[in-house]
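Presented below is the structure to which this report refers.
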There are 2 protein chains.
Amino acid sequence: MTLAPAHVAGVGMIRFGRYPADVTLEDMAVRAARAAVDDAGTDLSVIDGLYVGHVFGGPVAGQRVAAQLGLDGRPVSNHENYCASGASAVREAWVALAAGLHDVALVIGVEKMTDRVSGGVRPDPGDLDAAVGYVMAAGHAMSARRYMADHGATREQIAAVAVKNHAHSVHNPWAQYQKPIDLPTVLNARPIAEPLGLLDCSPISDGAAAVLLVSPAGLRRLGIDGPTPRVLGVGLVSGSVQTGLGDPNAEDVSRRAGEQAWELSGVDPADLDLVEMHDCFTIAEIVRMEGLGLVPRGQGAAWTAAGETALGGRLPVNPSGGLLSRGHPVGATGAAQVCELTWQLRGSAGGRQVEGAQVGLAYCKGGTVNGTDGGSVTTVVMTR
Amino acid sequence: MTLAPAHVAGVGMIRFGRYPADVTLEDMAVRAARAAVDDAGTDLSVIDGLYVGHVFGGPVAGQRVAAQLGLDGRPVSNHENYCASGASAVREAWVALAAGLHDVALVIGVEKMTDRVSGGVRPDPGDLDAAVGYVMAAGHAMSARRYMADHGATREQIAAVAVKNHAHSVHNPWAQYQKPIDLPTVLNARPIAEPLGLLDCSPISDGAAAVLLVSPAGLRRLGIDGPTPRVLGVGLVSGSVQTGLGDPNAEDVSRRAGEQAWELSGVDPADLDLVEMHDCFTIAEIVRMEGLGLVPRGQGAAWTAAGETALGGRLPVNPSGGLLSRGHPVGATGAAQVCELTWQLRGSAGGRQVEGAQVGLAYCKGGTVNGTDGGSVTTVVMTR
């Protein structure tokens, strides 16, 4: 089952980071939206509908953004799939274009976290896992311990994910962190849930990213006749509820997400030139790449330490810096991944460019897919 | 611009009302979903994707519901457009079927309000209108005052909306209230925002409603070859931000929503046999029907008092009892309206049946479309 691809006419984001309280969610979203429209060489009037992904924005946040853009009147919808919210908004826009409902859709992912969150995202009251201490960081720490035990991986190899991603985002002007860090710095950071320390965890961030998706008729409306990167497919699978003593690194949901992504996009995974991967924790990048079948099972940590997933390596992962270093304003992340893929596929990513990038994948995971809280994985496959 | 219609293979809901704290959002959603699938004569395995509308359910509520249905793994998305959330989920499912992404989509609208809300929905901290006292009830009270002044309507005529809708839901086993009320009871109820009293306001409710929407291929998969009601189109427009001293009853957003609905569905509004209207307050039913152009401007109150919008009248409005009497679990309302239209178009609505109903409209409004908070209007046009 494949649908018509969506063309990316323009992308824009604001630098992720910590913004003062007087910079609102709406302000950030408006800046990203204007940047995407400018990037497409057009103006806001071309937009048929808005798809806004966020988690903590409150009711009708998208409509408030639309009003500030002067786009009140247009269809506006809000999409929440936890950390996959921005990608879920991309998905609904892609479907709407394929159905012929719209020709020009603006997707915005946005989150203002620093006003609301301190020290970590608070679990929902009904989250039984969290109530017994199985919060995100604890789950990923267990994943890391099990991975080390099963595969003989070392703490240093896992920490290498953070070193790599911070090295990449030295070249990313949109990243929250733009300085390299070395391995001892990661190893000696404050422990969060051992073996993971502070620099194994993605930060609390504010940010916004926007993508102007258009149909072929939309391209004509915008007067674009050159090549544009295309979204071939956007997958969405929800997580299996696993109980008992299953392997936390089985990543069945990633395997299924990958199978769906190749089917929706028609792309052979062997053709991928780069991946933007949801590295909310260092170990997560490793096990998810393995779950997708893009790295052999049990070898992801060694691959990372050997530079195979770095720029210039066999399959570069997170040239943007990923969630660990670009930052992770949860609802914005999926849209920011599409911005990065677009820049990479255009060959305009500067010092973090993956040479000759033709095909890319973005992956987000929202919620806890192995626990009782529920969650989803999104995939976006793009080509030049 | 029209898309392919979606067939309603089955609908189900639970009785709206107040449920104890140990009945969870997930419990309610599961009951409604099973009822819809049973109504279609099939089982849950046929479902390709879930679209879940809610406002207060918290992150990934839809995924929690899917897990309890044993549908983890399927694509699940959460849709929030305030009181239009359920209808927004219907819209995204309709688009996905039209695009060919899915053949069988389950829409669930659900809300557990009584655990979270007491005395009225708390406005968002950033809602400047509410901060100065312009809360929902106050806005509708001003609308009523202005309507009475402009059109010579009486308090009694406005109160007649509540009498009518409560009379209708005497025949609705799914309604929160199933007893008739008389005019003096409405007039003498506790004042909320004068001239409106308690019975001019929709209640705080818990509830869930589900709709199984299918493509022609989905009908074949389910073995359905008889006639099924069809969703011809689902509109979505966001509200204009009006500032200053504009007429609160101008209802420009309803006019635009109507124009979009007739265009998307290809239906002539003169052919409508019934309307499920978002009567969050008595006056709202009147001014929205007028805004849509279905009742002449300034005559809605008089029409109501004369029985023109009652069962047996010129254009029956809210045979279900509407939000005022069926109840208003906000994210569930739009899906419940589609349930009601389906029963009406099948001719199976019992004592509240609109005789010979062929074409129906459902309308929701979410958020405040005249203020700074933003909002949306959805329309669903269905035919037999």
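Just so we're on the same page: first chain in the structure tokens is A, next is B, and so on; residues restart at 1 for each chain, and ligands are numbered from 1 in the order they show up.
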What are the closest atom pairs, with distances in Å to one decimal, for each residue of chain B lying within 8 Å of chain A, using only C-alpha atoms, rows by chain and rising residue number, as CSV?
residue,atom,partner,partner_atom,distance
B:Met1,CA,A:Leu101,CA,7.2
B:Thr2,CA,A:Leu101,CA,7.8
B:Leu3,CA,A:Leu101,CA,7.1
B:Val55,CA,A:Pro59,CA,6.8
B:Gly58,CA,A:Asp124,CA,7.3
B:Pro59,CA,A:Tyr82,CA,5.7
B:Val60,CA,A:Asn81,CA,5.5
B:Ala61,CA,A:Gly374,CA,7.7
B:Gln63,CA,A:Gly374,CA,4.9
B:Arg64,CA,A:Gly374,CA,5.0
B:Ala67,CA,A:Val241,CA,6.7
B:Asp72,CA,A:Ser240,CA,5.3
B:Gly73,CA,A:Ser238,CA,4.4
B:Arg74,CA,A:Val237,CA,5.4
B:Pro75,CA,A:Val237,CA,4.5
B:Val76,CA,A:Ser238,CA,6.2
B:Ser77,CA,A:Asn81,CA,6.4
B:Asn78,CA,A:Glu80,CA,5.4
B:His79,CA,A:His79,CA,5.5
B:Glu80,CA,A:Asn78,CA,5.4
B:Asn81,CA,A:Val60,CA,5.6
B:Tyr82,CA,A:Pro59,CA,5.7
B:Ser88,CA,A:Ser77,CA,7.5
B:Glu92,CA,A:Glu92,CA,7.3
B:Val95,CA,A:Ala96,CA,6.2
B:Ala96,CA,A:Val95,CA,6.2
B:Ala98,CA,A:Ala99,CA,5.6
B:Ala99,CA,A:Ala99,CA,3.9
B:Gly100,CA,A:Leu3,CA,7.3
B:Leu101,CA,A:Leu3,CA,7.1
B:Asp124,CA,A:Gly58,CA,7.3
B:Leu236,CA,A:Pro75,CA,5.0
B:Val237,CA,A:Pro75,CA,4.5
B:Ser238,CA,A:Gly73,CA,4.4
B:Gly239,CA,A:Gly73,CA,5.4
B:Ser240,CA,A:Asp72,CA,5.3
B:Val241,CA,A:Ala67,CA,6.7
B:Val253,CA,A:Gly73,CA,7.5
B:Gly367,CA,A:Val60,CA,6.7
B:Thr372,CA,A:Arg64,CA,7.3
B:Asp373,CA,A:Arg64,CA,5.9
B:Gly374,CA,A:Gln63,CA,4.9
B:Gly375,CA,A:Gln63,CA,5.8
B:Ser376,CA,A:Val76,CA,7.4
**OP:** Skip Ala301 in chain A itself and residues of its chain fewer than 2 positions away, then list as a PyMOL selection string all residues within 12 Å of it, counting only C-alpha atoms.
**Re:** chain A and resi 144+147-148+150-162+164+282-290+295-299+303-309
Could the residues in this selection be written to a file with N, CA, C and O atoms, as a compact mmCIF listing (two decimals), in the first residue's frame?
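Generated file (out.txt):
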# COMPACT_ATOMS: atom_id res chain seq x y z
N ALA A 144 20.06 -0.73 28.93
CA ALA A 144 21.52 -0.67 28.76
C ALA A 144 22.20 -1.82 29.49
O ALA A 144 23.09 -2.49 28.96
N TYR A 147 21.62 -4.97 27.62
CA TYR A 147 22.38 -4.96 26.36
C TYR A 147 23.85 -5.30 26.62
O TYR A 147 24.45 -6.11 25.89
N MET A 148 24.40 -4.71 27.67
CA MET A 148 25.80 -4.99 28.01
C MET A 148 25.98 -6.46 28.37
O MET A 148 26.96 -7.12 27.96
N ASP A 150 24.02 -9.05 27.50
CA ASP A 150 23.73 -9.96 26.39
C ASP A 150 24.80 -9.93 25.31
O ASP A 150 25.04 -10.95 24.65
N HIS A 151 25.38 -8.77 25.10
CA HIS A 151 26.22 -8.61 23.91
C HIS A 151 27.68 -8.26 24.24
O HIS A 151 28.45 -7.96 23.32
N GLY A 152 28.03 -8.26 25.50
CA GLY A 152 29.39 -7.92 25.86
C GLY A 152 29.79 -6.50 25.51
O GLY A 152 30.98 -6.20 25.34
N ALA A 153 28.78 -5.64 25.39
CA ALA A 153 29.07 -4.24 25.08
C ALA A 153 29.58 -3.53 26.34
O ALA A 153 29.31 -3.97 27.46
N THR A 154 30.30 -2.44 26.13
CA THR A 154 30.84 -1.72 27.28
C THR A 154 30.09 -0.40 27.49
O THR A 154 29.44 0.14 26.58
N ARG A 155 30.23 0.08 28.71
CA ARG A 155 29.68 1.39 29.04
C ARG A 155 30.24 2.46 28.10
O ARG A 155 29.51 3.37 27.67
N GLU A 156 31.50 2.33 27.76
CA GLU A 156 32.15 3.33 26.90
C GLU A 156 31.54 3.32 25.50
O GLU A 156 31.37 4.37 24.88
N GLN A 157 31.21 2.14 25.01
CA GLN A 157 30.61 2.06 23.67
C GLN A 157 29.24 2.73 23.63
O GLN A 157 28.88 3.37 22.64
N ILE A 158 28.48 2.57 24.71
CA ILE A 158 27.16 3.21 24.76
C ILE A 158 27.33 4.73 24.86
O ILE A 158 26.63 5.49 24.18
N ALA A 159 28.26 5.16 25.69
CA ALA A 159 28.50 6.60 25.84
C ALA A 159 28.97 7.24 24.53
O ALA A 159 28.79 8.44 24.31
N ALA A 160 29.55 6.41 23.65
CA ALA A 160 30.05 6.94 22.37
C ALA A 160 28.93 7.54 21.52
O ALA A 160 29.19 8.38 20.65
N VAL A 161 27.67 7.12 21.76
CA VAL A 161 26.55 7.72 21.04
C VAL A 161 26.47 9.22 21.34
O VAL A 161 26.29 10.05 20.43
N ALA A 162 26.63 9.57 22.60
CA ALA A 162 26.56 10.99 22.98
C ALA A 162 27.73 11.78 22.40
O ALA A 162 27.56 12.91 21.91
N LYS A 164 29.41 11.11 19.68
CA LYS A 164 29.17 11.24 18.24
C LYS A 164 28.13 12.32 17.95
O LYS A 164 28.34 13.20 17.10
N THR A 282 21.08 7.46 25.04
CA THR A 282 22.12 6.88 24.18
C THR A 282 21.78 5.46 23.76
O THR A 282 21.83 5.11 22.58
N ILE A 283 21.43 4.62 24.74
CA ILE A 283 21.17 3.21 24.44
C ILE A 283 20.01 3.06 23.46
O ILE A 283 19.97 2.11 22.67
N ALA A 284 19.05 4.00 23.50
CA ALA A 284 17.88 3.89 22.63
C ALA A 284 18.27 3.96 21.16
O ALA A 284 17.70 3.25 20.32
N GLU A 285 19.24 4.81 20.82
CA GLU A 285 19.68 4.88 19.42
C GLU A 285 20.18 3.51 18.97
O GLU A 285 19.87 3.04 17.87
N ILE A 286 20.94 2.86 19.83
CA ILE A 286 21.55 1.57 19.48
C ILE A 286 20.48 0.49 19.27
O ILE A 286 20.44 -0.16 18.23
N VAL A 287 19.59 0.34 20.25
CA VAL A 287 18.65 -0.79 20.15
C VAL A 287 17.59 -0.55 19.08
O VAL A 287 17.07 -1.51 18.49
N ARG A 288 17.26 0.72 18.83
CA ARG A 288 16.25 0.99 17.80
C ARG A 288 16.82 0.76 16.40
O ARG A 288 16.12 0.24 15.52
N MET A 289 18.07 1.16 16.18
CA MET A 289 18.69 0.87 14.88
C MET A 289 18.74 -0.64 14.65
O MET A 289 18.50 -1.12 13.53
N GLU A 290 19.02 -1.37 15.70
CA GLU A 290 19.04 -2.83 15.58
C GLU A 290 17.63 -3.38 15.34
O GLU A 290 17.44 -4.28 14.52
N VAL A 295 21.20 -2.26 11.67
CA VAL A 295 22.50 -2.61 12.27
C VAL A 295 22.32 -4.03 12.82
O VAL A 295 21.27 -4.34 13.39
N PRO A 296 23.30 -4.89 12.63
CA PRO A 296 23.13 -6.27 13.12
C PRO A 296 22.91 -6.31 14.64
O PRO A 296 23.53 -5.54 15.38
N ARG A 297 22.05 -7.21 15.04
CA ARG A 297 21.69 -7.34 16.46
C ARG A 297 22.94 -7.52 17.32
O ARG A 297 23.79 -8.37 17.02
N GLY A 298 23.03 -6.67 18.35
CA GLY A 298 24.14 -6.80 19.29
C GLY A 298 25.40 -6.09 18.86
O GLY A 298 26.38 -6.06 19.62
N GLN A 299 25.41 -5.49 17.69
CA GLN A 299 26.63 -4.85 17.20
C GLN A 299 26.54 -3.32 17.20
O GLN A 299 27.51 -2.64 16.83
N TRP A 303 29.55 -0.76 16.65
CA TRP A 303 29.50 0.08 15.45
C TRP A 303 29.69 1.56 15.81
O TRP A 303 30.40 2.29 15.13
N THR A 304 29.00 1.98 16.85
CA THR A 304 29.07 3.39 17.24
C THR A 304 30.50 3.74 17.63
O THR A 304 31.06 4.75 17.17
N ALA A 305 31.08 2.91 18.49
CA ALA A 305 32.43 3.20 18.97
C ALA A 305 33.44 3.19 17.81
O ALA A 305 34.44 3.92 17.84
N ALA A 306 33.15 2.41 16.78
CA ALA A 306 34.06 2.33 15.62
C ALA A 306 33.78 3.41 14.58
O ALA A 306 34.43 3.43 13.54
N GLY A 307 32.79 4.25 14.85
CA GLY A 307 32.52 5.35 13.91
C GLY A 307 31.65 4.98 12.73
O GLY A 307 31.44 5.79 11.81
N GLU A 308 31.06 3.79 12.73
CA GLU A 308 30.25 3.38 11.58
C GLU A 308 28.96 4.19 11.44
O GLU A 308 28.39 4.27 10.35
N THR A 309 28.47 4.75 12.55
CA THR A 309 27.24 5.55 12.50
C THR A 309 27.54 7.04 12.58
O THR A 309 26.62 7.84 12.74
Please identify all polymer residues within 9 Å of range 176-186 of chain B, counting only C-alpha atoms, omitting same-chain residues fewer than 2 positions from it, and present them as a PDB file with C-alpha atoms, in the first residue's frame.
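part_6.pdb, freshly written:
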ATOM      1  CA  ARG B  15     -24.971   6.120  28.174  1.00  0.00           C
ATOM      2  CA  PHE B  16     -23.568   9.551  28.938  1.00  0.00           C
ATOM      3  CA  GLY B  17     -23.602  10.611  32.559  1.00  0.00           C
ATOM      4  CA  ARG B  18     -21.540  10.515  35.712  1.00  0.00           C
ATOM      5  CA  GLU B 156     -38.838  32.181  27.306  1.00  0.00           C
ATOM      6  CA  ALA B 159     -35.341  28.623  27.279  1.00  0.00           C
ATOM      7  CA  ALA B 160     -37.567  26.666  24.901  1.00  0.00           C
ATOM      8  CA  ALA B 162     -33.796  23.285  26.699  1.00  0.00           C
ATOM      9  CA  VAL B 163     -37.422  22.182  27.006  1.00  0.00           C
ATOM     10  CA  LYS B 164     -37.364  20.832  23.443  1.00  0.00           C
ATOM     11  CA  ASN B 165     -34.067  18.981  23.774  1.00  0.00           C
ATOM     12  CA  HIS B 166     -34.992  17.401  27.091  1.00  0.00           C
ATOM     13  CA  ALA B 167     -38.316  16.313  25.562  1.00  0.00           C
ATOM     14  CA  HIS B 168     -36.406  14.616  22.752  1.00  0.00           C
ATOM     15  CA  SER B 169     -34.053  12.658  24.960  1.00  0.00           C
ATOM     16  CA  VAL B 170     -36.889  11.121  26.921  1.00  0.00           C
ATOM     17  CA  HIS B 171     -36.692   8.671  24.014  1.00  0.00           C
ATOM     18  CA  ASN B 172     -32.888   8.337  23.978  1.00  0.00           C
ATOM     19  CA  PRO B 173     -31.532   5.465  26.083  1.00  0.00           C
ATOM     20  CA  TRP B 174     -27.993   6.870  25.707  1.00  0.00           C
ATOM     21  CA  ASN B 188     -36.384  29.270  37.634  1.00  0.00           C
ATOM     22  CA  ALA B 189     -33.147  27.273  37.634  1.00  0.00           C
ATOM     23  CA  ARG B 190     -30.149  28.682  39.482  1.00  0.00           C
ATOM     24  CA  GLY B 197     -29.552  29.582  34.188  1.00  0.00           C
ATOM     25  CA  LEU B 198     -28.282  26.119  35.000  1.00  0.00           C
ATOM     26  CA  LEU B 199     -30.588  24.380  32.517  1.00  0.00           C
ATOM     27  CA  ASP B 200     -29.419  26.620  29.682  1.00  0.00           C
ATOM     28  CA  PRO B 203     -23.698  19.422  31.932  1.00  0.00           C
ATOM     29  CA  SER B 205     -20.449  14.401  31.646  1.00  0.00           C
ATOM     30  CA  GLY B 321     -31.390  15.656  23.175  1.00  0.00           C
ATOM     31  CA  LEU B 324     -27.999  19.928  26.885  1.00  0.00           C
ATOM     32  CA  SER B 325     -29.722  16.632  27.583  1.00  0.00           C
ATOM     33  CA  ARG B 326     -27.714  13.764  26.056  1.00  0.00           C
ATOM     34  CA  GLY B 327     -24.765  15.289  27.940  1.00  0.00           C
ATOM     35  CA  HIS B 328     -21.428  16.698  26.823  1.00  0.00           C
TER      36      HIS B 328
END
Subject >> Within 8 Å of Val211 in chain B using only C-alpha atoms, minus same-chain residues under 3 positions, as a PyMOL selection string >> reply: chain B and resi 8-12+33+36+106-108+335+338-339
**OP:** Name the residues of range 31-74 of chain A that fall into strand (DSSP E or B) according to DSSP on the backbone, using the chain letters and numbers of this document, as an NGL selection string.
**Re:** :A and (49-53 or 72 or 74)
Original post:
Could you pull the residues within 8 Å of Ile14 in chain A, counting only C-alpha atoms, minus those fewer than 3 positions along the same chain, as number ranges by chain?
Top reply: A: 28, 31-32, 174, 207-209
Next, dump the selected residues to file, keeping only all heavy atoms, as an mmCIF file, in the first residue's frame.
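Output (out-v8.cif):
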data_model
loop_
_atom_site.group_PDB
_atom_site.id
_atom_site.type_symbol
_atom_site.label_atom_id
_atom_site.label_comp_id
_atom_site.auth_asym_id
_atom_site.auth_seq_id
_atom_site.Cartn_x
_atom_site.Cartn_y
_atom_site.Cartn_z
ATOM 1 N N MET A 28 7.136 30.904 19.167
ATOM 2 C CA MET A 28 8.104 29.972 18.588
ATOM 3 C C MET A 28 7.542 29.335 17.322
ATOM 4 O O MET A 28 8.237 29.222 16.304
ATOM 5 C CB MET A 28 8.464 28.892 19.610
ATOM 6 C CG MET A 28 9.126 29.445 20.869
ATOM 7 S SD MET A 28 9.861 28.119 21.879
ATOM 8 C CE MET A 28 8.418 27.109 22.165
ATOM 9 N N ARG A 31 7.532 31.752 14.364
ATOM 10 C CA ARG A 31 8.858 31.967 13.765
ATOM 11 C C ARG A 31 9.245 30.791 12.862
ATOM 12 O O ARG A 31 9.762 30.992 11.759
ATOM 13 C CB ARG A 31 9.905 32.172 14.861
ATOM 14 C CG ARG A 31 9.821 33.555 15.512
ATOM 15 C CD ARG A 31 10.794 33.692 16.676
ATOM 16 N NE ARG A 31 12.156 33.339 16.313
ATOM 17 C CZ ARG A 31 13.140 33.115 17.196
ATOM 18 N NH1 ARG A 31 12.888 33.197 18.501
ATOM 19 N NH2 ARG A 31 14.354 32.807 16.789
ATOM 20 N N ALA A 32 8.980 29.574 13.328
ATOM 21 C CA ALA A 32 9.311 28.401 12.504
ATOM 22 C C ALA A 32 8.463 28.373 11.237
ATOM 23 O O ALA A 32 8.959 28.080 10.143
ATOM 24 C CB ALA A 32 9.108 27.120 13.315
ATOM 25 N N TRP A 174 20.973 25.040 14.435
ATOM 26 C CA TRP A 174 19.670 24.933 15.091
ATOM 27 C C TRP A 174 19.728 24.115 16.379
ATOM 28 O O TRP A 174 18.710 23.939 17.047
ATOM 29 C CB TRP A 174 18.660 24.297 14.125
ATOM 30 C CG TRP A 174 18.707 24.911 12.770
ATOM 31 C CD1 TRP A 174 19.225 24.357 11.636
ATOM 32 C CD2 TRP A 174 18.269 26.223 12.408
ATOM 33 N NE1 TRP A 174 19.131 25.244 10.593
ATOM 34 C CE2 TRP A 174 18.534 26.392 11.030
ATOM 35 C CE3 TRP A 174 17.676 27.272 13.118
ATOM 36 C CZ2 TRP A 174 18.244 27.565 10.353
ATOM 37 C CZ3 TRP A 174 17.369 28.439 12.446
ATOM 38 C CH2 TRP A 174 17.659 28.577 11.078
ATOM 39 N N GLY A 207 11.241 24.621 21.579
ATOM 40 C CA GLY A 207 11.564 24.720 20.166
ATOM 41 C C GLY A 207 10.367 24.541 19.271
ATOM 42 O O GLY A 207 9.274 24.159 19.721
ATOM 43 N N ALA A 208 10.586 24.832 18.011
ATOM 44 C CA ALA A 208 9.545 24.680 16.995
ATOM 45 C C ALA A 208 10.210 24.397 15.659
ATOM 46 O O ALA A 208 11.317 24.869 15.394
ATOM 47 C CB ALA A 208 8.691 25.940 16.893
ATOM 48 N N ALA A 209 9.524 23.609 14.854
ATOM 49 C CA ALA A 209 9.996 23.290 13.507
ATOM 50 C C ALA A 209 8.777 23.197 12.606
ATOM 51 O O ALA A 209 7.698 22.803 13.058
ATOM 52 C CB ALA A 209 10.758 21.963 13.509
#
**OP:** Give the helix (DSSP H, G or I) residues of range 108-205 of chain B, as DSSP finds them on the backbone, and put them as a ChimeraX atom specification.
**Re:** /B:128-131,136-151,155-169,183-187,198-200
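Taking CA of Thr114 in chain A and CA of Ala130 in chain B as endpoints, the distance between them is 24.0 Å.
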**OP:** Quote the spacing between CA of Gly119 in chain B and CA of Ala137 in chain B in Å to one decimal place.
**Re:** 11.7 Å
Original post:
With only C-alpha atoms as the basis for distance, which of B:Glu340, B:Asp27, B:Asp39, B:Glu194 is at the shortest distance from Val275 in chain B?
Top reply: B:Glu340
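Near Pro195 in chain B, within a cut-off of 9 Å and counting only C-alpha atoms, sit the residues Ala141, Met142, Ala144, Arg145, Arg155, Pro191 and Ile192 of chain B, with same-chain residues fewer than 3 positions away left out.
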File dump, residues just selected, C-alpha atoms, as a short mmCIF file (atom, residue, chain, number, x, y, z; two decimals), in the first residue's frame:
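Just written: result_31.cif:
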data_model
loop_
_atom_site.label_atom_id
_atom_site.label_comp_id
_atom_site.auth_asym_id
_atom_site.auth_seq_id
_atom_site.Cartn_x
_atom_site.Cartn_y
_atom_site.Cartn_z
CA ALA B 141 -24.98 35.19 28.19
CA MET B 142 -23.81 38.24 26.26
CA ALA B 144 -28.33 35.94 24.51
CA ARG B 145 -28.68 39.53 25.71
CA ARG B 155 -36.09 34.78 27.57
CA PRO B 191 -28.71 31.64 37.53
CA ILE B 192 -25.30 31.01 35.97
#
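Going from CA of Val359 in chain A over to CA of Thr383 in chain A, you cover 4.4 Å.
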**OP:** Excluding Asp103 in chain B and any residue of its chain fewer than 4 positions from it, enumerate the residues within 8 Å of it, using only C-alpha atoms, and give them as number ranges by chain.
**Re:** B: 48, 97, 214-218
Original post:
Using only C-alpha atoms, which of the listed residues (B:Val330, B:Val231, B:Leu323, B:Ala21) sits closest to Val121 in chain B?
Top reply: B:Val330
